[in-house]
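Engineer: Have a look at this one before I ask anything.
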Amino acid sequence: MGGGVALFDYDNDGRLDIFLVNGAPLSDPTPKGTVPQKSGSSYWDRLYHQKKDGTFEDVTEKAGLQGAGYGMGVTAGDYDNDGFEDLYVTAYGGNKLYHNNGDGSFSDVTEKAGVGGSGWSTSAAWVDLDNDGLLDLVVEEPSAPALEKHARNSAAFAQAGALQFKRNRSDPGGMQFL
Ligand SMILES: [Ca+2]
Ligand SMILES: [Ca+2]
């Protein structure tokens with residue numbers, strides 16, 4: 001199954017960089033309840049930094065973006081308005097929110113932000129749903145329970161299926177999603 005890709009300028013040097021989402025090994029048959037794990041570097045997600053000459057260098061390890069689980073999708077957006085684009089990566093096995101530290105590294109802030117999701121998430125998007133200047137998160141979860149859990153979504157989003165809506169409730173000094 002194909003993974004997502006994000007073209008974004010993580011280091012604000014004016015050149016687009018590439019983030020690629022990668023899967024994880026699956027056994028055949030896969031026992032029920034198995035959560036795929038990245039068993040080695042060949043399964044890592046990858047961040048490629050575009051250099052001045054138009055070539056790219058692999059900066060995955062420096063950035064701390066090796067990832068976890070069976071990666072599916074990614075969306076880039078500056079959710080905390082600090083001028084650096086952050087990443088949200090969906091995966092079978094747990095989603096991750098990575099805060100861009102602005103020095104070439106990212107921090108996993110998933111737990112603090114409360115956006116780990118559950119089960120299997122596919123697509124995700126940053127969008128300011130309530131026009132408060134803070135990016136909110138929409139996550140598609142094909143697994144059914146998400147639909148009931150997030151019934152308070154706006155009609156437009158509810159129609160699209162099992163979407164999870166996370167409102168960004170950040171305030172100066174804090175960062176929390178509902
Ligand atoms: Ca760049
Ligand atoms: Ca940011």
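Ordering of the structure tokens sets the chain letters (A, B, ...); residue numbers start at 1 within each chain; ligands are numbered from 1 in the order shown.
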Show me a table, sorted first by chain and then by increasing residue number, of the residues of chain A having an atom at most 12 Å from ligand 1, each with its shortest atom pair and the distance in Å to one decimal, counting only C-alpha atoms and all ligand atoms and written as JSON lines.
Structural biologist:
```
{"residue": "A:Leu7", "atom": "CA", "partner": "ligand 1", "partner_atom_place_in_ligand_line": "1 (Ca)", "distance": 9.4}
{"residue": "A:Phe8", "atom": "CA", "partner": "ligand 1", "partner_atom_place_in_ligand_line": "1 (Ca)", "distance": 7.1}
{"residue": "A:Asp9", "atom": "CA", "partner": "ligand 1", "partner_atom_place_in_ligand_line": "1 (Ca)", "distance": 4.0}
{"residue": "A:Tyr10", "atom": "CA", "partner": "ligand 1", "partner_atom_place_in_ligand_line": "1 (Ca)", "distance": 5.4}
{"residue": "A:Asp11", "atom": "CA", "partner": "ligand 1", "partner_atom_place_in_ligand_line": "1 (Ca)", "distance": 4.8}
{"residue": "A:Asn12", "atom": "CA", "partner": "ligand 1", "partner_atom_place_in_ligand_line": "1 (Ca)", "distance": 5.4}
{"residue": "A:Asp13", "atom": "CA", "partner": "ligand 1", "partner_atom_place_in_ligand_line": "1 (Ca)", "distance": 4.8}
{"residue": "A:Gly14", "atom": "CA", "partner": "ligand 1", "partner_atom_place_in_ligand_line": "1 (Ca)", "distance": 5.7}
{"residue": "A:Arg15", "atom": "CA", "partner": "ligand 1", "partner_atom_place_in_ligand_line": "1 (Ca)", "distance": 4.2}
{"residue": "A:Leu16", "atom": "CA", "partner": "ligand 1", "partner_atom_place_in_ligand_line": "1 (Ca)", "distance": 4.8}
{"residue": "A:Asp17", "atom": "CA", "partner": "ligand 1", "partner_atom_place_in_ligand_line": "1 (Ca)", "distance": 5.0}
{"residue": "A:Ile18", "atom": "CA", "partner": "ligand 1", "partner_atom_place_in_ligand_line": "1 (Ca)", "distance": 8.7}
{"residue": "A:Phe19", "atom": "CA", "partner": "ligand 1", "partner_atom_place_in_ligand_line": "1 (Ca)", "distance": 11.1}
{"residue": "A:Leu47", "atom": "CA", "partner": "ligand 1", "partner_atom_place_in_ligand_line": "1 (Ca)", "distance": 10.6}
{"residue": "A:Tyr48", "atom": "CA", "partner": "ligand 1", "partner_atom_place_in_ligand_line": "1 (Ca)", "distance": 9.1}
{"residue": "A:His49", "atom": "CA", "partner": "ligand 1", "partner_atom_place_in_ligand_line": "1 (Ca)", "distance": 6.1}
{"residue": "A:Gln50", "atom": "CA", "partner": "ligand 1", "partner_atom_place_in_ligand_line": "1 (Ca)", "distance": 5.8}
{"residue": "A:Lys51", "atom": "CA", "partner": "ligand 1", "partner_atom_place_in_ligand_line": "1 (Ca)", "distance": 7.7}
{"residue": "A:Lys52", "atom": "CA", "partner": "ligand 1", "partner_atom_place_in_ligand_line": "1 (Ca)", "distance": 9.3}
{"residue": "A:Gly54", "atom": "CA", "partner": "ligand 1", "partner_atom_place_in_ligand_line": "1 (Ca)", "distance": 10.6}
{"residue": "A:Thr55", "atom": "CA", "partner": "ligand 1", "partner_atom_place_in_ligand_line": "1 (Ca)", "distance": 11.5}
{"residue": "A:Phe56", "atom": "CA", "partner": "ligand 1", "partner_atom_place_in_ligand_line": "1 (Ca)", "distance": 10.0}
{"residue": "A:Glu57", "atom": "CA", "partner": "ligand 1", "partner_atom_place_in_ligand_line": "1 (Ca)", "distance": 11.0}
{"residue": "A:Val59", "atom": "CA", "partner": "ligand 1", "partner_atom_place_in_ligand_line": "1 (Ca)", "distance": 11.4}
{"residue": "A:Phe84", "atom": "CA", "partner": "ligand 1", "partner_atom_place_in_ligand_line": "1 (Ca)", "distance": 10.7}
{"residue": "A:Glu85", "atom": "CA", "partner": "ligand 1", "partner_atom_place_in_ligand_line": "1 (Ca)", "distance": 10.6}
{"residue": "A:Gly102", "atom": "CA", "partner": "ligand 1", "partner_atom_place_in_ligand_line": "1 (Ca)", "distance": 11.4}
{"residue": "A:Asp103", "atom": "CA", "partner": "ligand 1", "partner_atom_place_in_ligand_line": "1 (Ca)", "distance": 11.9}
{"residue": "A:Gly104", "atom": "CA", "partner": "ligand 1", "partner_atom_place_in_ligand_line": "1 (Ca)", "distance": 10.0}
```
Engineer: Counting only C-alpha atoms and all ligand atoms, what are the residues, protein, DNA or RNA alike, that approach ligand 2 to within 10 Å? I want them as a ChimeraX atom specification.
Structural biologist: /A:10,76-87,98-102,106
Engineer: Give me the residues near Val21 in chain A as a PyMOL selection string, where near means some atom within 6 Å (using only C-alpha atoms) and where sequence neighbours in that chain fewer than 3 positions away do not count.
Structural biologist: chain A and resi 3-4+45+71
Engineer: Mind writing the picked residues with C-alpha atoms as a compact mmCIF listing (two decimals), in the first residue's frame?
Structural biologist:
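Saved the output as result-v5.txt:
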```txt
# COMPACT_ATOMS: atom_id res chain seq x y z
CA GLY A 3 2.39 5.90 1.63
CA GLY A 4 2.05 9.65 1.69
CA ASP A 45 10.10 7.26 6.91
CA GLY A 71 2.97 4.58 7.72
```
Engineer: Hey, which of A:Leu26, A:Ala113, A:Ala68, A:Val74 ends up closest to Ser41 in chain A? Count only C-alpha atoms.
Structural biologist: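 Answer, going by the shortest atom-to-atom distance: A:Ala68.
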Engineer: Tell me, in Å to one decimal, how far CA of Ala63 in chain A is from CA of Gln37 in chain A.
Structural biologist: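 Distance between the two atoms: 19.8 Å.
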Engineer: Please compute the CA of Met72 in chain A-CA of Asn131 in chain A distance, one decimal, in Å.
Structural biologist: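 These atoms are spaced 27.8 Å apart.
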Engineer: I want to know what sits within 12 Å of Val89 in chain A, based on only C-alpha atoms, with residues of the same chain fewer than 4 positions away left out; could you give that as number ranges by chain?
Structural biologist: A: 3-6, 19-23, 45-46, 65-77, 93-99, 108-110, 115-117, 120-126, 137-140
Engineer: Please run DSSP on the backbone and report, as a ChimeraX atom specification, all residues within range 3-130 of chain A that come out as helix (DSSP H, G or I).
Structural biologist: /A:41-43,60-63,110-113
Engineer: Atoms to include: N, CA and C atoms. Write the selected residues as a short mmCIF file (atom, residue, chain, number, x, y, z; two decimals), in the first residue's frame.
Structural biologist:
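Printed below is result-v5.cif as written:
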```cif
data_model
loop_
_atom_site.label_atom_id
_atom_site.label_comp_id
_atom_site.auth_asym_id
_atom_site.auth_seq_id
_atom_site.Cartn_x
_atom_site.Cartn_y
_atom_site.Cartn_z
N SER A 41 16.15 0.04 9.22
CA SER A 41 16.24 1.34 8.55
C SER A 41 15.59 1.35 7.17
N SER A 42 15.46 0.18 6.55
CA SER A 42 14.84 0.16 5.22
C SER A 42 13.34 0.49 5.29
N TYR A 43 12.78 0.49 6.51
CA TYR A 43 11.36 0.80 6.68
C TYR A 43 11.12 2.19 7.26
N THR A 60 17.08 12.10 7.72
CA THR A 60 16.08 11.45 8.55
C THR A 60 16.52 11.29 10.01
N GLU A 61 17.73 10.78 10.19
CA GLU A 61 18.20 10.51 11.55
C GLU A 61 18.41 11.78 12.34
N LYS A 62 19.03 12.77 11.68
CA LYS A 62 19.27 14.06 12.33
C LYS A 62 17.95 14.70 12.75
N ALA A 63 16.94 14.51 11.90
CA ALA A 63 15.63 15.10 12.17
C ALA A 63 14.84 14.29 13.19
N THR A 110 3.17 13.91 20.28
CA THR A 110 1.86 13.29 20.08
C THR A 110 1.05 13.20 21.36
N GLU A 111 1.70 12.69 22.40
CA GLU A 111 0.99 12.45 23.66
C GLU A 111 0.54 13.76 24.29
N LYS A 112 1.42 14.71 24.32
CA LYS A 112 1.12 16.02 24.91
C LYS A 112 -0.06 16.68 24.20
N ALA A 113 -0.07 16.52 22.86
CA ALA A 113 -1.12 17.16 22.06
C ALA A 113 -2.40 16.33 22.03
#
```
Engineer: If DSSP is run on the backbone, what residues of range 19-172 of chain A are strand (DSSP E)? A reply as an NGL selection string would be ideal.
Structural biologist: :A and (19-20 or 46-50 or 56-58 or 70-77 or 86-92 or 96-100 or 106-108 or 124-127 or 136-140 or 163-166)
Engineer: Output the selection as a compact mmCIF listing (two decimals), in the first residue's frame - C-alpha atoms for each residue.
Structural biologist:
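Contents of the output file again_17.txt:
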```txt
# COMPACT_ATOMS: atom_id res chain seq x y z
CA PHE A 19 9.17 13.74 3.43
CA LEU A 20 8.20 10.20 2.45
CA ARG A 46 12.50 9.61 5.16
CA LEU A 47 13.23 13.30 5.15
CA TYR A 48 15.30 14.59 2.24
CA HIS A 49 16.76 18.06 2.46
CA GLN A 50 17.15 19.93 -0.80
CA PHE A 56 18.90 16.03 -1.91
CA GLU A 57 20.49 14.63 1.23
CA ASP A 58 18.92 12.14 3.63
CA TYR A 70 2.96 1.04 9.07
CA GLY A 71 2.97 4.58 7.72
CA MET A 72 0.06 5.83 5.65
CA GLY A 73 -0.29 9.57 5.22
CA VAL A 74 1.30 12.87 6.16
CA THR A 75 0.30 16.49 6.33
CA ALA A 76 2.55 19.49 6.93
CA GLY A 77 1.43 22.64 8.71
CA ASP A 86 5.34 20.70 11.61
CA LEU A 87 4.36 17.19 10.51
CA TYR A 88 1.48 14.89 11.34
CA VAL A 89 2.03 11.32 10.15
CA THR A 90 -0.71 8.70 10.15
CA ALA A 91 0.06 5.02 10.49
CA TYR A 92 -1.42 1.68 11.30
CA LYS A 96 2.56 10.96 15.33
CA LEU A 97 2.68 14.72 15.65
CA TYR A 98 6.21 16.00 15.15
CA HIS A 99 7.02 19.53 16.23
CA ASN A 100 9.64 21.23 14.08
CA PHE A 106 11.71 17.35 15.27
CA SER A 107 10.17 16.30 18.59
CA ASP A 108 7.42 13.74 19.02
CA ALA A 124 -4.99 13.74 7.41
CA ALA A 125 -5.16 17.45 6.77
CA TRP A 126 -4.44 20.69 8.58
CA VAL A 127 -7.17 23.26 8.24
CA ASP A 136 -6.92 22.14 13.33
CA LEU A 137 -6.45 18.55 12.39
CA VAL A 138 -8.76 16.31 10.40
CA VAL A 139 -7.87 12.61 10.42
CA GLU A 140 -9.56 9.90 8.42
CA LEU A 163 -13.20 11.51 10.18
CA GLN A 164 -11.62 12.60 13.37
CA PHE A 165 -11.63 16.30 14.12
CA LYS A 166 -9.07 17.76 16.49
```
